[in-house]
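See below for final15.cif, which holds mmCIF, C-alpha atoms.
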```
data_data
loop_
_atom_site.group_PDB
_atom_site.id
_atom_site.type_symbol
_atom_site.label_atom_id
_atom_site.label_comp_id
_atom_site.auth_asym_id
_atom_site.auth_seq_id
_atom_site.Cartn_x
_atom_site.Cartn_y
_atom_site.Cartn_z
ATOM 1 C CA MET A 1345 1.257 -37.502 11.667
ATOM 2 C CA CYS A 1346 3.357 -36.508 14.663
ATOM 3 C CA LEU A 1347 6.480 -36.050 12.549
ATOM 4 C CA TRP A 1348 4.546 -33.839 10.106
ATOM 5 C CA GLU A 1349 3.368 -31.704 13.041
ATOM 6 C CA GLN A 1350 6.909 -31.561 14.435
ATOM 7 C CA TYR A 1351 8.147 -30.210 11.094
ATOM 8 C CA HIS A 1352 5.789 -27.239 11.554
ATOM 9 C CA SER A 1353 6.938 -26.572 15.131
ATOM 10 C CA PRO A 1354 9.979 -24.900 16.760
ATOM 11 C CA ALA A 1355 11.540 -28.376 17.086
ATOM 12 C CA CYS A 1356 12.368 -28.336 13.366
ATOM 13 C CA TRP A 1357 15.805 -27.129 12.296
ATOM 14 C CA ASN A 1358 14.876 -25.117 9.181
ATOM 15 C CA THR A 1359 18.324 -23.975 8.035
ATOM 16 C CA ALA A 1360 21.839 -25.364 8.173
ATOM 17 C CA THR A 1361 22.804 -22.513 10.509
ATOM 18 C CA ASP A 1362 19.952 -23.409 12.829
ATOM 19 C CA ALA A 1363 20.987 -27.082 12.673
ATOM 20 C CA PHE A 1364 24.595 -26.290 13.654
ATOM 21 C CA ARG A 1365 23.433 -23.992 16.455
ATOM 22 C CA GLN A 1366 21.008 -26.530 17.939
ATOM 23 C CA TYR A 1367 23.472 -29.405 17.447
ATOM 24 C CA GLY A 1368 26.112 -27.417 19.335
ATOM 25 C CA LYS A 1369 23.775 -26.974 22.316
ATOM 26 C CA LEU A 1370 23.569 -30.739 22.799
ATOM 27 C CA THR A 1371 26.198 -32.218 25.069
ATOM 28 C CA THR A 1372 26.200 -35.987 24.477
ATOM 29 C CA LYS A 1373 26.771 -38.222 21.482
ATOM 30 C CA ALA A 1374 23.446 -39.947 22.205
ATOM 31 C CA GLY A 1375 21.700 -36.565 22.245
ATOM 32 C CA HIS A 1376 23.324 -35.581 18.951
ATOM 33 C CA LEU A 1377 22.316 -38.865 17.333
ATOM 34 C CA LYS A 1378 18.726 -38.731 18.617
ATOM 35 C CA LYS A 1379 18.068 -35.180 17.431
ATOM 36 C CA VAL A 1380 19.713 -35.553 14.016
ATOM 37 C CA LYS A 1381 17.780 -38.768 13.361
ATOM 38 C CA GLU A 1382 14.596 -36.992 14.442
ATOM 39 C CA GLN A 1383 15.264 -34.158 11.967
ATOM 40 C CA ILE A 1384 15.811 -36.604 9.103
ATOM 41 C CA LEU A 1385 12.694 -38.600 10.013
ATOM 42 C CA MET A 1386 10.581 -35.421 10.098
ATOM 43 C CA ARG A 1387 11.246 -34.998 6.406
ATOM 44 C CA TYR A 1388 11.486 -38.632 5.291
ATOM 45 C CA LEU A 1389 8.439 -40.032 7.079
ATOM 46 C CA GLY A 1390 6.620 -36.881 8.147
ATOM 47 C CA LEU A 1391 6.663 -35.191 4.736
ATOM 48 C CA GLY A 1392 7.132 -38.260 2.551
ATOM 49 C CA TRP A 1393 10.371 -37.001 0.991
ATOM 50 C CA ASP A 1394 12.150 -40.163 -0.159
ATOM 51 C CA ASN A 1395 15.305 -38.167 -1.024
ATOM 52 C CA ALA A 1396 15.788 -37.435 2.696
ATOM 53 C CA TYR A 1397 16.418 -41.111 3.480
ATOM 54 C CA HIS A 1398 19.721 -42.099 5.010
ATOM 55 C CA PRO A 1399 20.461 -45.485 6.649
ATOM 56 C CA TRP A 1400 21.532 -45.437 10.291
ATOM 57 C CA SER A 1401 24.207 -48.072 9.587
ATOM 58 C CA LYS A 1402 25.943 -49.864 6.729
ATOM 59 C CA ASN A 1403 27.949 -53.102 6.799
ATOM 60 C CA LYS A 1404 27.546 -53.302 10.606
ATOM 61 C CA ARG A 1405 29.029 -49.805 11.051
ATOM 62 C CA GLN A 1406 26.789 -47.158 12.532
ATOM 63 C CA PHE A 1407 26.983 -43.713 10.999
ATOM 64 C CA THR A 1408 28.232 -41.063 13.414
ATOM 65 C CA PRO A 1409 26.109 -38.070 14.419
ATOM 66 C CA GLY A 1410 28.501 -35.870 12.396
ATOM 67 C CA GLU A 1411 27.967 -37.923 9.228
ATOM 68 C CA LEU A 1412 24.197 -37.776 9.680
ATOM 69 C CA LEU A 1413 24.402 -34.021 10.371
ATOM 70 C CA GLU A 1414 26.317 -33.584 7.109
ATOM 71 C CA HIS A 1415 23.537 -35.457 5.262
ATOM 72 C CA LEU A 1416 20.915 -33.333 7.034
ATOM 73 C CA THR A 1417 22.559 -30.000 6.198
ATOM 74 C CA MET A 1418 23.797 -30.800 2.677
ATOM 75 C CA ILE A 1419 20.934 -32.940 1.335
ATOM 76 C CA VAL A 1420 17.830 -32.903 3.526
ATOM 77 C CA ILE A 1421 17.361 -29.257 4.542
ATOM 78 C CA PRO A 1422 17.840 -27.939 0.958
ATOM 79 C CA LEU A 1423 15.023 -30.237 -0.213
ATOM 80 C CA LYS A 1424 12.500 -27.676 1.053
ATOM 81 C CA ASN A 1425 13.520 -25.471 -1.894
ATOM 82 C CA LYS A 1426 12.931 -28.283 -4.396
ATOM 83 C CA LEU A 1427 10.000 -30.285 -3.007
ATOM 84 C CA ILE A 1428 6.522 -29.303 -1.922
ATOM 85 C CA VAL A 1429 5.706 -29.440 1.780
ATOM 86 C CA PRO A 1430 2.390 -31.338 1.941
ATOM 87 C CA GLU A 1431 -0.579 -29.566 3.529
ATOM 88 C CA GLU A 1432 -1.279 -32.639 5.651
ATOM 89 C CA ALA A 1433 0.664 -35.717 6.682
ATOM 90 C CA PRO A 1434 1.048 -38.218 3.844
ATOM 91 C CA VAL A 1435 -0.804 -41.493 4.295
ATOM 92 C CA ASP A 1436 0.302 -44.548 2.340
ATOM 93 C CA MET A 1437 -2.953 -46.351 1.612
ATOM 94 C CA PRO A 1438 -3.420 -49.068 -0.985
ATOM 95 C CA THR A 1439 -5.281 -47.508 -3.902
ATOM 96 C CA ARG A 1440 -6.298 -48.275 -7.417
ATOM 97 C CA GLN A 1441 -3.581 -47.570 -9.979
ATOM 98 C CA LYS A 1442 -4.013 -44.235 -11.796
ATOM 99 C CA MET A 1443 -4.557 -44.985 -15.457
ATOM 100 C CA ALA A 1444 -5.895 -43.076 -18.416
ATOM 101 C CA THR A 1445 -9.531 -43.902 -19.139
ATOM 102 C CA LEU A 1446 -11.476 -43.929 -22.345
ATOM 103 C CA GLY A 1447 -15.026 -42.728 -21.851
ATOM 104 C CA THR A 1448 -16.604 -42.538 -18.409
ATOM 105 C CA LYS A 1449 -15.733 -44.434 -15.279
ATOM 106 C CA ALA A 1450 -17.911 -47.350 -14.273
ATOM 107 C CA ASP A 1451 -20.110 -46.923 -11.193
ATOM 108 C CA ASP A 1452 -18.180 -49.562 -9.246
ATOM 109 C CA VAL A 1453 -14.884 -47.731 -9.901
ATOM 110 C CA ILE A 1454 -16.400 -44.452 -8.698
ATOM 111 C CA GLU A 1455 -17.679 -46.226 -5.570
ATOM 112 C CA LEU A 1456 -14.245 -47.794 -4.961
ATOM 113 C CA ASP A 1457 -12.578 -44.367 -5.149
ATOM 114 C CA LYS A 1458 -15.090 -42.947 -2.640
ATOM 115 C CA ASN A 1459 -14.449 -45.863 -0.271
ATOM 116 C CA ASN A 1460 -10.683 -45.261 -0.492
ATOM 117 C CA ASP A 1461 -11.157 -41.599 0.427
ATOM 118 C CA SER A 1462 -13.351 -42.472 3.421
ATOM 119 C CA ALA A 1463 -10.870 -45.178 4.529
ATOM 120 C CA GLU A 1464 -8.067 -42.588 4.527
ATOM 121 C CA THR A 1465 -10.200 -40.189 6.569
ATOM 122 C CA ARG A 1466 -11.067 -42.993 9.021
ATOM 123 C CA MET A 1467 -7.387 -43.897 9.380
ATOM 124 C CA ARG A 1468 -6.444 -40.270 10.119
ATOM 125 C CA LEU A 1469 -9.178 -40.002 12.756
ATOM 126 C CA ASP A 1470 -8.152 -43.320 14.333
ATOM 127 C CA ALA A 1471 -4.529 -42.122 14.488
ATOM 128 C CA ILE A 1472 -5.570 -38.923 16.272
ATOM 129 C CA LYS A 1473 -7.681 -40.867 18.768
ATOM 130 C CA GLU A 1474 -4.871 -43.345 19.426
ATOM 131 C CA ARG A 1475 -2.332 -40.551 19.989
ATOM 132 C CA GLU A 1476 -4.694 -38.839 22.450
ATOM 133 C CA ARG A 1477 -5.349 -42.153 24.243
ATOM 134 C CA LEU A 1478 -1.622 -42.819 24.623
ATOM 135 C CA GLU A 1479 -0.964 -39.296 25.905
ATOM 136 C CA ASP A 1480 -3.808 -39.654 28.422
ATOM 137 C CA ASN A 1481 -2.166 -42.866 29.658
ATOM 138 C CA GLY A 1482 1.202 -41.138 30.057
ATOM 139 C CA TYR A 1483 2.943 -42.442 26.911
ATOM 140 C CA GLY A 1484 4.589 -39.594 25.027
ATOM 141 C CA ASP A 1485 3.987 -35.886 25.133
ATOM 142 C CA ARG A 1486 3.257 -34.245 21.806
ATOM 143 C CA LEU A 1487 3.762 -30.709 23.138
ATOM 144 C CA GLN A 1488 7.176 -31.602 24.558
ATOM 145 C CA ASP A 1489 8.183 -33.079 21.184
ATOM 146 C CA TYR A 1490 7.365 -29.779 19.464
ATOM 147 C CA GLN A 1491 9.715 -27.705 21.620
ATOM 148 C CA ALA A 1492 13.069 -26.523 20.328
ATOM 149 C CA SER A 1493 16.128 -28.558 21.325
ATOM 150 C CA MET A 1494 17.584 -27.480 24.634
ATOM 151 C CA PRO A 1495 20.215 -29.233 26.741
ATOM 152 C CA ILE A 1496 19.054 -30.599 30.062
ATOM 153 C CA PHE A 1497 21.160 -29.273 32.938
#
```

Just give me the structure of the file as C-alpha coordinates.
Amino acid sequence: MCLWEQYHSPACWNTATDAFRQYGKLTTKAGHLKKVKEQILMRYLGLGWDNAYHPWSKNKRQFTPGELLEHLTMIVIPLKNKLIVPEEAPVDMPTRQKMATLGTKADDVIELDKNNDSAETRMRLDAIKERERLEDNGYGDRLQDYQASMPIF
(Lines of atoms letter the chains of each structure in order from A and count residues from 1; the text may use other names and numbers.)
(Lines give C-alpha, C1' and ligand atoms only; values in the text may rest on other atoms or scores of the structure.)
Protein backbone atom coordinates (compact mmCIF):
# COMPACT_ATOMS: atom_id res chain seq x y z
CA MET A 1 0.00 0.00 0.00
CA CYS A 2 2.85 2.37 0.80
CA LEU A 3 4.45 1.88 -2.62
CA TRP A 4 1.10 2.60 -4.32
CA GLU A 5 0.82 5.83 -2.30
CA GLN A 6 4.42 6.74 -3.15
CA TYR A 7 3.62 6.40 -6.85
CA HIS A 8 1.00 9.14 -6.42
CA SER A 9 3.39 11.46 -4.56
CA PRO A 10 6.25 13.82 -5.56
CA ALA A 11 8.68 10.97 -4.78
CA CYS A 12 7.71 9.27 -8.06
CA TRP A 13 9.84 9.95 -11.13
CA ASN A 14 7.11 10.22 -13.79
CA THR A 15 9.22 10.80 -16.90
CA ALA A 16 12.66 9.77 -18.10
CA THR A 17 13.74 13.42 -17.93
CA ASP A 18 12.59 13.63 -14.33
CA ALA A 19 14.41 10.36 -13.56
CA PHE A 20 17.70 11.65 -15.01
CA ARG A 21 17.33 14.95 -13.16
CA GLN A 22 16.62 13.33 -9.79
CA TYR A 23 19.29 10.66 -10.33
CA GLY A 24 21.84 13.40 -11.05
CA LYS A 25 21.05 15.11 -7.73
CA LEU A 26 22.12 12.02 -5.80
CA THR A 27 25.78 11.89 -4.87
CA THR A 28 26.55 8.29 -3.86
CA LYS A 29 26.32 4.93 -5.57
CA ALA A 30 24.28 3.63 -2.62
CA GLY A 31 21.88 6.56 -2.99
CA HIS A 32 21.53 5.93 -6.72
CA LEU A 33 20.85 2.24 -6.15
CA LYS A 34 18.32 2.83 -3.36
CA LYS A 35 16.26 5.38 -5.29
CA VAL A 36 16.24 3.49 -8.60
CA LYS A 37 15.19 0.28 -6.84
CA GLU A 38 12.47 2.24 -5.05
CA GLN A 39 11.16 3.59 -8.37
CA ILE A 40 11.02 0.10 -9.89
CA LEU A 41 9.31 -1.34 -6.80
CA MET A 42 6.68 1.42 -6.86
CA ARG A 43 5.48 0.07 -10.18
CA TYR A 44 6.19 -3.64 -9.75
CA LEU A 45 4.77 -4.14 -6.25
CA GLY A 46 2.83 -0.93 -5.71
CA LEU A 47 0.89 -1.05 -8.98
CA GLY A 48 1.16 -4.77 -9.70
CA TRP A 49 2.88 -4.28 -13.06
CA ASP A 50 4.75 -7.55 -13.64
CA ASN A 51 6.50 -6.09 -16.72
CA ALA A 52 8.37 -3.66 -14.43
CA TYR A 53 10.27 -6.51 -12.74
CA HIS A 54 14.03 -6.53 -12.91
CA PRO A 55 16.32 -8.71 -10.74
CA TRP A 56 18.84 -6.91 -8.55
CA SER A 57 21.53 -9.46 -9.46
CA LYS A 58 22.23 -12.33 -11.85
CA ASN A 59 24.86 -15.08 -11.59
CA LYS A 60 26.27 -13.47 -8.40
CA ARG A 61 26.77 -10.12 -10.19
CA GLN A 62 24.79 -7.17 -8.92
CA PHE A 63 23.33 -4.86 -11.52
CA THR A 64 24.75 -1.34 -11.37
CA PRO A 65 22.56 1.69 -10.65
CA GLY A 66 23.10 2.76 -14.29
CA GLU A 67 21.80 -0.57 -15.63
CA LEU A 68 18.74 -0.36 -13.37
CA LEU A 69 18.20 3.28 -14.41
CA GLU A 70 18.26 2.19 -18.06
CA HIS A 71 15.58 -0.43 -17.28
CA LEU A 72 13.55 2.18 -15.39
CA THR A 73 13.66 4.78 -18.18
CA MET A 74 13.37 2.45 -21.19
CA ILE A 75 10.92 -0.17 -19.89
CA VAL A 76 9.24 0.79 -16.62
CA ILE A 77 8.29 4.46 -17.01
CA PRO A 78 6.74 3.95 -20.50
CA LEU A 79 4.45 1.27 -19.03
CA LYS A 80 2.16 4.03 -17.74
CA ASN A 81 1.11 4.61 -21.37
CA LYS A 82 0.27 0.93 -21.87
CA LEU A 83 -1.06 -0.28 -18.51
CA ILE A 84 -3.81 0.98 -16.25
CA VAL A 85 -2.82 2.58 -12.96
CA PRO A 86 -5.06 0.86 -10.37
CA GLU A 87 -7.37 3.07 -8.30
CA GLU A 88 -6.17 1.34 -5.13
CA ALA A 89 -3.22 -0.81 -4.17
CA PRO A 90 -3.47 -4.34 -5.56
CA VAL A 91 -3.95 -7.08 -2.98
CA ASP A 92 -3.04 -10.65 -3.86
CA MET A 93 -5.64 -12.70 -2.02
CA PRO A 94 -6.45 -16.34 -2.70
CA THR A 95 -9.76 -16.41 -4.55
CA ARG A 96 -11.99 -18.78 -6.39
CA GLN A 97 -11.00 -19.28 -10.03
CA LYS A 98 -13.10 -17.22 -12.48
CA MET A 99 -14.98 -19.63 -14.69
CA ALA A 100 -17.97 -19.40 -16.98
CA THR A 101 -21.16 -20.60 -15.31
CA LEU A 102 -24.24 -22.21 -16.72
CA GLY A 103 -27.37 -21.04 -14.96
CA THR A 104 -27.24 -19.30 -11.59
CA LYS A 105 -24.58 -19.46 -8.93
CA ALA A 106 -25.19 -21.63 -5.90
CA ASP A 107 -25.81 -19.88 -2.58
CA ASP A 108 -22.57 -21.21 -1.08
CA VAL A 109 -20.56 -19.79 -4.01
CA ILE A 110 -22.21 -16.39 -3.57
CA GLU A 111 -21.42 -16.51 0.16
CA LEU A 112 -17.80 -17.48 -0.56
CA ASP A 113 -17.40 -14.50 -2.90
CA LYS A 114 -18.81 -12.15 -0.24
CA ASN A 115 -16.41 -13.57 2.36
CA ASN A 116 -13.46 -13.01 -0.01
CA ASP A 117 -14.46 -9.37 -0.48
CA SER A 118 -14.76 -8.80 3.28
CA ALA A 119 -11.41 -10.57 3.87
CA GLU A 120 -9.73 -8.19 1.41
CA THR A 121 -11.30 -5.19 3.14
CA ARG A 122 -10.18 -6.53 6.55
CA MET A 123 -6.63 -7.02 5.25
CA ARG A 124 -6.49 -3.45 3.91
CA LEU A 125 -7.72 -2.06 7.24
CA ASP A 126 -5.24 -4.20 9.19
CA ALA A 127 -2.41 -2.94 6.95
CA ILE A 128 -3.38 0.68 7.61
CA LYS A 129 -3.53 0.08 11.36
CA GLU A 130 -0.17 -1.69 11.36
CA ARG A 131 1.48 1.12 9.38
CA GLU A 132 0.10 3.71 11.82
CA ARG A 133 1.25 1.62 14.81
CA LEU A 134 4.77 1.35 13.41
CA GLU A 135 4.94 5.08 12.68
CA ASP A 136 3.74 5.85 16.21
CA ASN A 137 6.57 3.67 17.54
CA GLY A 138 9.14 5.50 15.42
CA TYR A 139 9.58 2.92 12.62
CA GLY A 140 9.36 4.60 9.23
CA ASP A 141 7.88 7.89 8.19
CA ARG A 142 5.33 7.74 5.40
CA LEU A 143 5.38 11.50 4.78
CA GLN A 144 9.17 11.51 4.43
CA ASP A 145 8.93 8.64 1.91
CA TYR A 146 6.56 10.71 -0.25
CA GLN A 147 8.96 13.64 -0.64
CA ALA A 148 10.92 14.19 -3.83
CA SER A 149 14.52 12.98 -3.88
CA MET A 150 16.94 15.54 -2.54
CA PRO A 151 20.61 15.09 -1.64
CA ILE A 152 21.47 15.42 2.02
CA PHE A 153 24.18 18.02 2.60

As a tab-separated table (two decimals) with C-alpha atoms, keeping the file's coordinate frame, please: the residues near range 1415-1426 of chain A (cut-off 12 Å, all atoms listed in the file, same-chain neighbours under 6 positions excluded).
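Result saved to result04.tsv:
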```
chain	number	residue	atom	x	y	z
A	1351	TYR	CA	8.15	-30.21	11.09
A	1356	CYS	CA	12.37	-28.34	13.37
A	1357	TRP	CA	15.80	-27.13	12.30
A	1358	ASN	CA	14.88	-25.12	9.18
A	1359	THR	CA	18.32	-23.98	8.04
A	1360	ALA	CA	21.84	-25.36	8.17
A	1361	THR	CA	22.80	-22.51	10.51
A	1362	ASP	CA	19.95	-23.41	12.83
A	1363	ALA	CA	20.99	-27.08	12.67
A	1364	PHE	CA	24.60	-26.29	13.65
A	1365	ARG	CA	23.43	-23.99	16.45
A	1367	TYR	CA	23.47	-29.40	17.45
A	1377	LEU	CA	22.32	-38.86	17.33
A	1379	LYS	CA	18.07	-35.18	17.43
A	1380	VAL	CA	19.71	-35.55	14.02
A	1381	LYS	CA	17.78	-38.77	13.36
A	1382	GLU	CA	14.60	-36.99	14.44
A	1383	GLN	CA	15.26	-34.16	11.97
A	1384	ILE	CA	15.81	-36.60	9.10
A	1385	LEU	CA	12.69	-38.60	10.01
A	1386	MET	CA	10.58	-35.42	10.10
A	1387	ARG	CA	11.25	-35.00	6.41
A	1388	TYR	CA	11.49	-38.63	5.29
A	1391	LEU	CA	6.66	-35.19	4.74
A	1392	GLY	CA	7.13	-38.26	2.55
A	1393	TRP	CA	10.37	-37.00	0.99
A	1394	ASP	CA	12.15	-40.16	-0.16
A	1395	ASN	CA	15.30	-38.17	-1.02
A	1396	ALA	CA	15.79	-37.44	2.70
A	1397	TYR	CA	16.42	-41.11	3.48
A	1398	HIS	CA	19.72	-42.10	5.01
A	1399	PRO	CA	20.46	-45.48	6.65
A	1400	TRP	CA	21.53	-45.44	10.29
A	1407	PHE	CA	26.98	-43.71	11.00
A	1408	THR	CA	28.23	-41.06	13.41
A	1409	PRO	CA	26.11	-38.07	14.42
```

Fill in: Gap from CA of Val1435 in chain A to CA of Glu1476 in chain A - Å, one decimal
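CA of Glu1476 in chain A lies at a distance of 18.8 Å from CA of Val1435 in chain A.
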
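The residue set within 9 Å of range 1466-1470 of chain A, counting all atoms listed in the file and dropping same-chain residues fewer than 4 places from it, reads Met1345, Val1435, Asp1461, Ser1462, Glu1474 and Arg1475 of chain A.
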
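The smallest atom-to-atom distance between Asn1459 in chain A and any of A:Met1443, A:Leu1347, A:Pro1438, A:Ala1471, using only C-alpha atoms, is found for A:Pro1438.
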
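Shortest atom-to-atom contact with Gly1410 in chain A among A:Gly1368, A:Gly1482, A:Pro1354, A:Pro1434: A:Gly1368, counting all atoms listed in the file.
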
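CA of Leu1413 in chain A to CA of His1376 in chain A spans 8.8 Å [interatomic distance, one decimal].
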